[in-house]
file final38.csv (CSV, C-alpha atoms)
chain,number,residue,atom,x,y,z
A,9,MET,CA,169.6,70.2,-14.9
A,10,ARG,CA,171.3,73.0,-13.2
A,11,PRO,CA,169.3,76.0,-11.9
A,12,SER,CA,168.9,79.1,-14.1
A,13,SER,CA,171.6,81.7,-13.7
A,14,LEU,CA,170.4,85.1,-14.7
A,15,ALA,CA,173.2,87.4,-15.7
A,16,SER,CA,173.1,91.1,-14.9
A,17,ALA,CA,172.6,93.4,-17.8
A,18,ASN,CA,175.7,95.3,-16.8
A,19,GLU,CA,177.9,92.3,-16.3
A,20,PRO,CA,179.0,90.8,-19.6
A,21,LEU,CA,179.8,87.1,-19.7
A,22,SER,CA,183.3,86.3,-18.5
A,23,PRO,CA,185.5,84.6,-21.1
A,24,GLU,CA,187.0,81.2,-20.3
A,25,PRO,CA,190.6,81.3,-18.9
A,26,ALA,CA,191.9,79.9,-22.2
A,27,LEU,CA,190.8,83.1,-24.0
A,28,SER,CA,194.0,85.0,-24.8
A,29,ARG,CA,194.4,88.7,-24.2
A,30,ARG,CA,195.3,89.0,-27.9
A,31,ARG,CA,192.0,87.4,-29.0
A,32,ALA,CA,190.0,89.5,-26.6
A,33,ALA,CA,191.6,92.6,-27.9
A,34,LEU,CA,190.9,91.6,-31.5
A,35,GLN,CA,187.3,91.0,-30.6
A,36,LEU,CA,186.8,94.4,-28.9
A,37,MET,CA,188.5,96.1,-31.9
A,38,ALA,CA,185.8,94.7,-34.2
A,39,ILE,CA,183.0,96.3,-32.3
A,40,PRO,CA,183.4,100.0,-33.3
A,41,ALA,CA,183.4,99.1,-37.0
A,42,ALA,CA,180.3,97.0,-36.4
A,43,ILE,CA,178.5,99.9,-34.8
A,44,ALA,CA,179.4,102.2,-37.6
A,45,SER,CA,178.0,99.8,-40.1
A,46,GLY,CA,174.8,99.7,-38.1
A,47,SER,CA,174.3,103.4,-38.7
A,48,ALA,CA,174.4,102.7,-42.4
A,49,LEU,CA,171.6,100.2,-42.0
A,50,ALA,CA,169.6,102.7,-40.0
A,51,ASN,CA,169.7,105.0,-43.0
A,52,GLY,CA,168.4,102.3,-45.3
A,53,THR,CA,171.7,102.0,-47.3
A,54,ALA,CA,173.0,98.7,-48.4
A,55,ASP,CA,176.2,97.3,-47.1
A,56,ALA,CA,178.6,96.6,-50.0
A,57,ALA,CA,180.3,93.6,-48.3
A,58,SER,CA,177.0,92.0,-47.5
A,59,ALA,CA,175.8,92.5,-51.1
A,60,ALA,CA,178.9,90.9,-52.4
A,61,ALA,CA,178.5,87.9,-50.1
A,62,LYS,CA,174.9,87.2,-51.2
A,63,LYS,CA,174.4,83.7,-52.5
A,64,ARG,CA,171.4,81.6,-53.4
A,65,PHE,CA,170.3,78.2,-52.3
A,66,THR,CA,167.6,76.3,-54.2
A,67,THR,CA,165.7,73.7,-52.2
A,68,SER,CA,164.6,70.3,-53.5
A,69,GLN,CA,161.3,71.9,-54.3
A,70,GLY,CA,162.8,74.6,-56.4
A,71,CYS,CA,162.4,77.4,-53.8
A,72,HIS,CA,165.2,80.1,-53.7
A,73,LEU,CA,166.7,81.1,-50.3
A,74,HIS,CA,169.2,83.9,-50.4
A,75,TYR,CA,171.9,84.1,-47.7
A,76,GLN,CA,175.1,86.0,-46.8
A,77,ASP,CA,178.2,83.9,-46.3
A,78,LEU,CA,181.2,85.7,-44.8
A,79,GLY,CA,184.4,84.8,-42.9
A,80,ARG,CA,186.1,81.6,-42.2
A,81,GLY,CA,186.2,79.2,-39.2
A,82,PRO,CA,183.5,77.6,-37.1
A,83,VAL,CA,180.1,78.3,-38.6
A,84,VAL,CA,177.6,80.7,-37.0
A,85,LEU,CA,174.1,80.6,-38.5
A,86,LEU,CA,172.1,83.8,-37.9
A,87,GLY,CA,168.3,84.0,-38.0
A,88,HIS,CA,166.6,87.4,-38.3
A,89,SER,CA,163.3,88.8,-37.1
A,90,TYR,CA,160.0,88.6,-38.9
A,91,LEU,CA,159.5,91.6,-41.3
A,92,TRP,CA,163.3,92.3,-41.3
A,93,ASP,CA,166.0,90.5,-43.2
A,94,SER,CA,169.6,89.4,-42.8
A,95,SER,CA,170.9,93.0,-43.1
A,96,MET,CA,169.6,93.6,-39.6
A,97,TRP,CA,172.7,91.6,-38.4
A,98,THR,CA,175.2,94.0,-40.1
A,99,PRO,CA,176.9,95.1,-36.9
A,100,GLN,CA,177.3,91.5,-35.7
A,101,ILE,CA,178.3,90.1,-39.1
A,102,GLN,CA,181.1,92.7,-39.3
A,103,ALA,CA,182.5,91.6,-36.0
A,104,LEU,CA,181.8,87.8,-36.0
A,105,SER,CA,183.1,87.2,-39.5
A,106,ARG,CA,186.6,88.2,-38.3
A,107,HIS,CA,186.6,85.0,-36.2
A,108,PHE,CA,183.9,82.7,-37.6
A,109,ARG,CA,182.2,81.8,-40.9
A,110,VAL,CA,178.9,83.6,-40.7
A,111,ILE,CA,175.9,82.4,-42.7
A,112,ALA,CA,172.8,84.7,-42.5
A,113,PRO,CA,169.8,83.6,-44.6
A,114,ASP,CA,166.9,85.9,-45.6
A,115,LEU,CA,163.7,84.2,-44.4
A,116,TRP,CA,161.2,83.3,-47.1
A,117,GLY,CA,159.5,86.4,-48.6
A,118,HIS,CA,162.0,88.6,-46.8
A,119,GLY,CA,165.1,90.3,-48.3
A,120,ALA,CA,166.1,88.6,-51.6
A,121,SER,CA,164.5,85.2,-50.8
A,122,GLY,CA,161.7,83.7,-52.8
A,123,PRO,CA,158.2,82.7,-51.7
A,124,LEU,CA,157.5,80.5,-48.7
A,125,PRO,CA,157.4,76.9,-49.8
A,126,ALA,CA,153.8,75.8,-50.1
A,127,ASP,CA,154.2,72.8,-47.7
A,128,THR,CA,155.5,74.9,-44.8
A,129,GLN,CA,153.1,74.3,-41.9
A,130,ASP,CA,155.0,75.3,-38.8
A,131,LEU,CA,158.3,76.3,-37.2
A,132,LYS,CA,159.5,72.7,-37.5
A,133,GLY,CA,159.2,73.1,-41.2
A,134,LEU,CA,161.4,76.3,-41.2
A,135,ALA,CA,164.0,74.4,-39.1
A,136,ALA,CA,164.0,71.5,-41.6
A,137,GLN,CA,164.6,74.0,-44.5
A,138,MET,CA,167.5,75.5,-42.6
A,139,LEU,CA,168.9,72.1,-42.0
A,140,GLU,CA,168.7,71.5,-45.8
A,141,LEU,CA,170.7,74.7,-46.3
A,142,LEU,CA,173.4,73.4,-43.9
A,143,ASP,CA,173.5,70.1,-45.8
A,144,ALA,CA,173.9,71.8,-49.1
A,145,LEU,CA,176.8,73.9,-47.7
A,146,HIS,CA,178.3,70.8,-46.2
A,147,VAL,CA,178.2,72.3,-42.7
A,148,ARG,CA,178.4,69.5,-40.2
A,149,GLU,CA,177.9,71.6,-37.1
A,150,CYS,CA,177.3,75.2,-36.2
A,151,ALA,CA,176.2,77.7,-33.6
A,152,VAL,CA,172.7,79.2,-34.2
A,153,VAL,CA,172.0,82.8,-33.1
A,154,GLY,CA,168.3,83.7,-33.7
A,155,LEU,CA,166.3,86.8,-32.9
A,156,SER,CA,162.5,86.5,-32.6
A,157,VAL,CA,161.3,84.0,-35.2
A,158,GLY,CA,165.0,83.3,-35.8
A,159,GLY,CA,165.2,82.0,-32.3
A,160,MET,CA,162.0,80.0,-32.7
A,161,TRP,CA,163.2,78.0,-35.7
A,162,GLY,CA,166.7,78.0,-34.1
A,163,ALA,CA,165.3,76.1,-31.1
A,164,GLU,CA,163.5,73.7,-33.3
A,165,LEU,CA,166.7,73.1,-35.3
A,166,ALA,CA,168.6,72.3,-32.1
A,167,LEU,CA,165.8,70.0,-30.9
A,168,LYS,CA,165.7,68.2,-34.3
A,169,ALA,CA,169.4,67.9,-34.8
A,170,PRO,CA,171.2,68.4,-31.5
A,171,GLU,CA,174.4,66.8,-32.9
A,172,ARG,CA,174.5,69.6,-35.5
A,173,VAL,CA,173.9,72.6,-33.2
A,174,ARG,CA,176.9,73.0,-30.8
A,175,SER,CA,175.6,76.3,-29.4
A,176,LEU,CA,172.3,78.1,-29.4
A,177,VAL,CA,171.5,81.7,-28.6
A,178,MET,CA,167.8,82.8,-28.6
A,179,MET,CA,167.3,86.6,-28.5
A,180,ASP,CA,163.9,88.3,-27.9
A,181,THR,CA,162.2,84.9,-28.5
A,182,TYR,CA,159.4,83.0,-26.8
A,183,LEU,CA,158.5,79.4,-27.5
A,184,GLY,CA,155.3,79.4,-25.4
A,185,ALA,CA,152.0,79.9,-27.2
A,186,GLU,CA,151.4,83.5,-28.2
A,187,PRO,CA,149.3,85.2,-25.4
A,188,GLU,CA,145.6,85.4,-26.6
A,189,ALA,CA,145.4,89.2,-26.6
A,190,THR,CA,148.4,89.7,-28.8
A,191,ARG,CA,147.6,86.7,-31.0
A,192,LEU,CA,144.2,88.2,-31.8
A,193,ARG,CA,145.7,91.6,-32.5
A,194,TYR,CA,148.4,90.2,-34.8
A,195,PHE,CA,146.0,88.0,-36.7
A,196,GLY,CA,143.8,91.1,-37.2
A,197,LEU,CA,146.7,93.0,-38.7
A,198,LEU,CA,147.5,90.0,-40.9
A,199,ASP,CA,143.9,89.8,-42.1
A,200,ALA,CA,144.0,93.5,-43.0
A,201,ILE,CA,147.2,93.1,-44.9
A,202,GLU,CA,146.0,90.1,-46.8
A,203,ALA,CA,142.7,91.7,-47.7
A,204,GLY,CA,144.3,94.9,-49.0
A,205,GLY,CA,147.4,93.4,-50.5
A,206,GLN,CA,149.5,96.1,-48.9
A,207,ILE,CA,150.7,97.5,-45.6
A,208,THR,CA,148.9,100.8,-45.6
A,209,GLN,CA,150.1,103.8,-43.6
A,210,PRO,CA,147.7,103.1,-40.7
A,211,LEU,CA,149.1,99.6,-40.6
A,212,VAL,CA,152.6,100.9,-40.7
A,213,ASP,CA,151.8,103.2,-37.8
A,214,ALA,CA,150.5,100.2,-35.9
A,215,ILE,CA,153.3,97.8,-36.7
A,216,VAL,CA,156.5,99.9,-36.4
A,217,PRO,CA,156.3,100.8,-32.7
A,218,ILE,CA,156.1,97.1,-31.8
A,219,PHE,CA,159.7,96.7,-32.8
A,220,PHE,CA,161.2,99.7,-31.0
A,221,ARG,CA,161.5,100.9,-27.4
A,222,PRO,CA,158.6,102.8,-25.9
A,223,GLY,CA,158.8,106.5,-26.7
A,224,THR,CA,160.9,106.0,-29.9
A,225,ASP,CA,160.3,108.8,-32.4
A,226,PRO,CA,158.8,107.0,-35.5
A,227,SER,CA,160.3,109.6,-37.8
A,228,SER,CA,163.8,108.9,-36.6
A,229,PRO,CA,166.0,107.2,-39.2
A,230,ARG,CA,165.7,103.5,-38.3
A,231,PRO,CA,161.9,103.4,-37.6
A,232,ALA,CA,161.3,105.5,-40.6
A,233,ALA,CA,163.4,103.3,-42.9
A,234,PHE,CA,161.6,100.2,-41.4
A,235,GLY,CA,158.2,101.7,-42.1
A,236,ARG,CA,159.2,102.5,-45.7
A,237,SER,CA,160.3,98.9,-46.2
A,238,LEU,CA,157.0,97.6,-44.9
A,239,ALA,CA,155.0,100.0,-47.2
A,240,ALA,CA,157.1,98.9,-50.2
A,241,MET,CA,156.3,95.2,-49.9
A,242,ALA,CA,154.5,93.8,-53.0
A,243,PRO,CA,151.1,92.2,-52.8
A,244,ASP,CA,152.3,88.8,-53.9
A,245,ARG,CA,155.1,88.8,-51.4
A,246,LEU,CA,152.7,89.7,-48.6
A,247,ARG,CA,150.0,87.2,-49.5
A,248,GLN,CA,152.3,84.3,-50.5
A,249,SER,CA,154.9,84.6,-47.7
A,250,VAL,CA,154.6,87.4,-45.1
A,251,VAL,CA,151.0,86.7,-44.0
A,252,PRO,CA,151.3,82.9,-44.0
A,253,LEU,CA,154.6,83.2,-42.0
A,254,GLY,CA,152.9,85.5,-39.5
A,255,ARG,CA,150.1,83.0,-39.0
A,256,ILE,CA,152.7,80.3,-38.4
A,257,ILE,CA,154.6,82.5,-35.9
A,258,PHE,CA,151.7,83.9,-33.9
A,259,GLY,CA,149.6,80.7,-34.1
A,260,ARG,CA,152.4,78.5,-32.9
A,261,ALA,CA,151.8,75.6,-30.5
A,262,ASP,CA,153.2,75.9,-26.9
A,263,ALA,CA,156.6,74.3,-27.0
A,264,MET,CA,157.8,75.2,-23.4
A,265,ASP,CA,157.9,71.6,-22.2
A,266,ARG,CA,160.0,70.5,-25.1
A,267,LEU,CA,162.7,73.2,-24.3
A,268,ALA,CA,163.8,71.0,-21.4
A,269,ALA,CA,165.6,68.8,-24.0
A,270,LEU,CA,168.0,71.6,-24.9
A,271,ARG,CA,171.5,71.5,-23.4
A,272,PRO,CA,171.7,74.2,-20.7
A,273,GLN,CA,175.5,74.5,-20.9
A,274,THR,CA,175.4,75.5,-24.6
A,275,THR,CA,172.1,77.6,-24.6
A,276,LEU,CA,172.0,81.3,-23.9
A,277,LEU,CA,168.9,83.6,-23.8
A,278,MET,CA,169.1,87.3,-24.3
A,279,CYS,CA,166.3,90.0,-24.4
A,280,GLY,CA,166.0,93.7,-24.6
A,281,ASP,CA,165.0,95.3,-21.3
A,282,GLU,CA,162.2,97.2,-23.1
A,283,ASP,CA,161.1,94.6,-25.6
A,284,ILE,CA,157.4,95.1,-26.2
A,285,PRO,CA,156.3,91.9,-27.9
A,286,ARG,CA,158.7,89.6,-26.1
A,287,PRO,CA,159.2,91.1,-22.6
A,288,PRO,CA,162.0,89.8,-20.3
A,289,HIS,CA,159.7,87.8,-18.1
A,290,GLU,CA,159.1,85.4,-21.0
A,291,MET,CA,162.8,84.9,-21.3
A,292,HIS,CA,163.1,84.2,-17.6
A,293,ALA,CA,160.3,81.6,-17.9
A,294,MET,CA,162.2,79.8,-20.7
A,295,ALA,CA,165.5,80.0,-18.8
A,296,GLU,CA,163.8,78.2,-15.8
A,297,VAL,CA,162.7,75.4,-18.1
A,298,ILE,CA,166.0,75.0,-19.8
A,299,GLY,CA,168.2,75.7,-16.8
A,300,CYS,CA,170.4,78.1,-18.9
A,301,ASP,CA,171.9,81.5,-18.6
A,302,ALA,CA,169.8,84.6,-19.5
A,303,VAL,CA,171.0,88.2,-20.1
A,304,VAL,CA,168.9,91.3,-20.1
A,305,ILE,CA,170.2,93.7,-22.8
A,306,PRO,CA,170.1,97.3,-21.5
A,307,GLU,CA,168.4,100.1,-23.4
A,308,ALA,CA,167.0,97.8,-26.1
A,309,GLY,CA,163.7,96.9,-27.6
A,310,HIS,CA,162.7,93.9,-29.8
A,311,ILE,CA,165.5,94.4,-32.3
A,312,SER,CA,168.0,94.4,-29.5
A,313,ASN,CA,171.1,93.8,-31.6
A,314,LEU,CA,170.6,97.1,-33.3
A,315,ASP,CA,169.4,99.1,-30.2
A,316,ASN,CA,172.5,98.1,-28.3
A,317,PRO,CA,174.9,96.6,-30.8
A,318,GLU,CA,178.1,97.0,-28.7
A,319,PHE,CA,176.7,95.1,-25.8
A,320,VAL,CA,175.1,92.3,-27.9
A,321,THR,CA,178.2,91.9,-30.1
A,322,ARG,CA,180.5,91.6,-27.0
A,323,GLN,CA,178.2,89.0,-25.4
A,324,LEU,CA,178.1,87.0,-28.6
A,325,LEU,CA,181.8,87.1,-29.2
A,326,GLN,CA,182.5,85.9,-25.7
A,327,TRP,CA,179.8,83.2,-25.7
A,328,LEU,CA,180.9,81.8,-29.1
A,329,ASP,CA,184.5,81.8,-28.1
A,330,ARG,CA,183.5,79.7,-25.1
A,331,THR,CA,181.2,77.3,-26.9
A,332,MET,CA,182.7,77.0,-30.4
A,333,ARG,CA,186.5,77.1,-30.0
call {"tool": "encode", "arguments": {"input": "final38.csv", "output": "structure tokens"}}
result
Amino acid sequence: MRPSSLASANEPLSPEPALSRRRAALQLMAIPAAIASGSALANGTADAASAAAKKRFTTSQGCHLHYQDLGRGPVVLLGHSYLWDSSMWTPQIQALSRHFRVIAPDLWGHGASGPLPADTQDLKGLAAQMLELLDALHVRECAVVGLSVGGMWGAELALKAPERVRSLVMMDTYLGAEPEATRLRYFGLLDAIEAGGQITQPLVDAIVPIFFRPGTDPSSPRPAAFGRSLAAMAPDRLRQSVVPLGRIIFGRADAMDRLAALRPQTTLLMCGDEDIPRPPHEMHAMAEVIGCDAVVIPEAGHISNLDNPEFVTRQLLQWLDRTMR
């Protein structure tokens, strides 16, 4: 295992020599359009292309998982954060789908997807369900880019089926056990949500700041839209999916030792420099175990791909061109 190489936040990954100037130019041209689409997401408006690309996969147990499917070429599977949905990837989908086939599922109980399958016990179960989706779509191999819980099940998928995951990016993710103080806090929030069957305004006020940089105005467009989406969640969705998923995520077992089995040459870690729930020191600890590169994303909190979409999109385009071409 090679030692960890921690990339500077201000130094994007260098493309391989084989990357042509024409391809690099096309990649960078895609970024402004992606950023523009991100502003639409911040205002809570739906992206028409994303809506048109929505499809539904039904598992062997009859559970419905919705996903976006855009573009052609090597497959990139995107995993979104808890309490968000696949639309959070809008800036990256706009850019990546020009070069790759992008598949972005809505996690159970999120977006348009149905309830969490009753037999889901842990992150390995989520990974197995995503593998079933890949099988149904006849995808033999792919890159996995996951943020927060998306990175958690993404790592489990890479460990379960290494021959299927050619490249893995974990963003704002930690596979160690949840620190006791935050585990107790999050379980308390989940208990309150389950008991009331809703995310009340005091709960919204407690949850929203976790996902944004310190000092972010909660009344600004993106936090306000996120808060409204939380408050609008129906009781059955909360009790059947959101709360049980939260307990799986925050009650996860420590998997740090198992991460050493990941391939360091095809694994990349990224994290917002001001991520509250998943601070950069956790990323560095995982990078040491894996022996892989790690990138700190400047001016970004937990949903780092939206806080600094241009930086993240450029990093992903260069990384995927290196590992998937």
call {"tool": "closest_residue", "arguments": {"input": "final38.csv", "among": "A:Ser94, A:Thr181, A:Asn316, A:Ser227", "to": "Ser121 of chain A", "atoms": "only C-alpha atoms"}}
result
A:Ser94
call {"tool": "closest_residue", "arguments": {"input": "final38.csv", "among": "A:Val83, A:Leu73, A:Val216, A:Leu145", "to": "Asp114 of chain A", "atoms": "all atoms listed in the file"}}
result
A:Leu73
call {"tool": "atom_distance", "arguments": {"input": "final38.csv", "atom1": "atom CA of Asp143 of chain A", "atom2": "atom CA of Arg245 of chain A"}}
result
26.8 Å
call {"tool": "residues_near_point", "arguments": {"input": "final38.csv", "point": "(159.2, 96.2, -40.3)", "cutoff": "10 Å", "atoms": "all atoms listed in the file", "output": "PyMOL selection string"}}
result
chain A and resi 89-93+212+215-219+230-239
call {"tool": "atom_distance", "arguments": {"input": "final38.csv", "atom1": "atom CA of Glu307 of chain A", "atom2": "atom CA of Pro187 of chain A"}}
result
24.3 Å
call {"tool": "atom_distance", "arguments": {"input": "final38.csv", "atom1": "atom CA of Trp116 of chain A", "atom2": "atom CA of His146 of chain A"}}
result
21.2 Å
call {"tool": "closest_residue", "arguments": {"input": "final38.csv", "among": "A:Ile207, A:Leu314, A:Val152, A:Cys71", "to": "Met332 of chain A", "atoms": "only C-alpha atoms"}}
result
A:Val152
call {"tool": "closest_residue", "arguments": {"input": "final38.csv", "among": "A:Ile305, A:Gly133, A:Leu142, A:Ala200", "to": "Glu318 of chain A", "atoms": "only C-alpha atoms"}}
result
A:Ile305
call {"tool": "closest_residue", "arguments": {"input": "final38.csv", "among": "A:Pro317, A:Leu115, A:Arg64, A:Arg260", "to": "Gln102 of chain A", "atoms": "all atoms listed in the file"}}
result
A:Pro317
call {"tool": "residues_near_point", "arguments": {"input": "final38.csv", "point": "(150.5, 93.4, -29.1)", "cutoff": "8 Å", "atoms": "all atoms listed in the file", "output": "list in words"}}
result
Ala189, Thr190, Arg191, Arg193, Tyr194, Ile218, Ile284 and Pro285 of chain A
call {"tool": "residues_around", "arguments": {"input": "final38.csv", "residues": "segment 168-173 of chain A", "least_positions_apart": "6", "cutoff": "7 Å", "atoms": "only C-alpha atoms", "output": "PDB file with C-alpha atoms, in the coordinates of the input"}}
result
ATOM      1  CA  ARG A 148     178.400  69.500 -40.200  1.00  0.00           C
ATOM      2  CA  GLU A 149     177.900  71.600 -37.100  1.00  0.00           C
ATOM      3  CA  CYS A 150     177.300  75.200 -36.200  1.00  0.00           C
ATOM      4  CA  ALA A 151     176.200  77.700 -33.600  1.00  0.00           C
ATOM      5  CA  VAL A 152     172.700  79.200 -34.200  1.00  0.00           C
TER       6      VAL A 152
END
call {"tool": "residues_around", "arguments": {"input": "final38.csv", "residues": "Leu124 of chain A", "least_positions_apart": "3", "cutoff": "8 Å", "atoms": "all atoms listed in the file", "output": "ChimeraX atom specification"}}
result
/A:71,116-117,128,248-249,253
call {"tool": "closest_residue", "arguments": {"input": "final38.csv", "among": "A:Gly79, A:Pro252, A:Gly299, A:Gly259", "to": "Gln273 of chain A", "atoms": "only C-alpha atoms"}}
result
A:Gly299
call {"tool": "residues_around", "arguments": {"input": "final38.csv", "residues": "Leu277 of chain A", "least_positions_apart": "2", "cutoff": "12 Å", "atoms": "all atoms listed in the file", "output": "number ranges by chain"}}
result
A: 12-15, 152-156, 159-160, 162-163, 175-183, 272-275, 279-280, 288-305, 320, 323-324, 327
call {"tool": "decode", "arguments": {"input": "final38.csv", "residues": "segment 94-116 of chain A", "atoms": "N, CA and C atoms", "output": "tab-separated table (two decimals), in the first residue's frame"}}
result
chain	number	residue	atom	x	y	z
A	94	SER	N	-31.58	12.71	-5.47
A	94	SER	CA	-30.62	12.73	-6.58
A	94	SER	C	-30.52	14.10	-7.24
A	95	SER	N	-31.50	14.98	-7.04
A	95	SER	CA	-31.43	16.30	-7.66
A	95	SER	C	-30.29	17.14	-7.08
A	96	MET	N	-29.75	16.75	-5.91
A	96	MET	CA	-28.62	17.50	-5.37
A	96	MET	C	-27.39	17.40	-6.27
A	97	TRP	N	-27.38	16.40	-7.17
A	97	TRP	CA	-26.26	16.21	-8.07
A	97	TRP	C	-26.45	16.97	-9.39
A	98	THR	N	-27.46	17.83	-9.50
A	98	THR	CA	-27.76	18.48	-10.77
A	98	THR	C	-26.54	19.12	-11.45
A	99	PRO	N	-25.70	19.90	-10.75
A	99	PRO	CA	-24.55	20.48	-11.45
A	99	PRO	C	-23.62	19.43	-12.03
A	100	GLN	N	-23.38	18.36	-11.27
A	100	GLN	CA	-22.47	17.33	-11.74
A	100	GLN	C	-23.11	16.48	-12.85
A	101	ILE	N	-24.40	16.19	-12.74
A	101	ILE	CA	-25.07	15.41	-13.79
A	101	ILE	C	-25.00	16.16	-15.12
A	102	GLN	N	-25.23	17.47	-15.08
A	102	GLN	CA	-25.18	18.26	-16.31
A	102	GLN	C	-23.83	18.13	-17.00
A	103	ALA	N	-22.75	18.14	-16.22
A	103	ALA	CA	-21.41	18.07	-16.80
A	103	ALA	C	-20.98	16.64	-17.12
A	104	LEU	N	-21.19	15.73	-16.19
A	104	LEU	CA	-20.70	14.36	-16.38
A	104	LEU	C	-21.43	13.64	-17.50
A	105	SER	N	-22.72	13.92	-17.67
A	105	SER	CA	-23.50	13.19	-18.66
A	105	SER	C	-23.11	13.55	-20.09
A	106	ARG	N	-22.27	14.55	-20.27
A	106	ARG	CA	-21.73	14.85	-21.59
A	106	ARG	C	-20.67	13.83	-22.00
A	107	HIS	N	-20.13	13.12	-21.03
A	107	HIS	CA	-19.02	12.20	-21.28
A	107	HIS	C	-19.28	10.77	-20.80
A	108	PHE	N	-20.24	10.62	-19.89
A	108	PHE	CA	-20.50	9.34	-19.25
A	108	PHE	C	-22.01	9.09	-19.19
A	109	ARG	N	-22.37	7.84	-18.97
A	109	ARG	CA	-23.75	7.52	-18.62
A	109	ARG	C	-23.87	7.66	-17.10
A	110	VAL	N	-24.72	8.55	-16.66
A	110	VAL	CA	-24.86	8.86	-15.24
A	110	VAL	C	-26.17	8.27	-14.71
A	111	ILE	N	-26.06	7.44	-13.69
A	111	ILE	CA	-27.23	6.84	-13.04
A	111	ILE	C	-27.26	7.36	-11.61
A	112	ALA	N	-28.35	8.02	-11.25
A	112	ALA	CA	-28.44	8.67	-9.93
A	112	ALA	C	-29.74	8.27	-9.25
A	113	PRO	N	-29.71	7.24	-8.39
A	113	PRO	CA	-30.93	6.81	-7.72
A	113	PRO	C	-31.32	7.72	-6.56
A	114	ASP	N	-32.63	7.77	-6.30
A	114	ASP	CA	-33.14	8.36	-5.06
A	114	ASP	C	-33.13	7.27	-3.99
A	115	LEU	N	-32.48	7.54	-2.87
A	115	LEU	CA	-32.46	6.58	-1.78
A	115	LEU	C	-33.89	6.31	-1.31
A	116	TRP	N	-34.08	5.14	-0.71
A	116	TRP	CA	-35.42	4.77	-0.22
A	116	TRP	C	-36.02	5.86	0.66
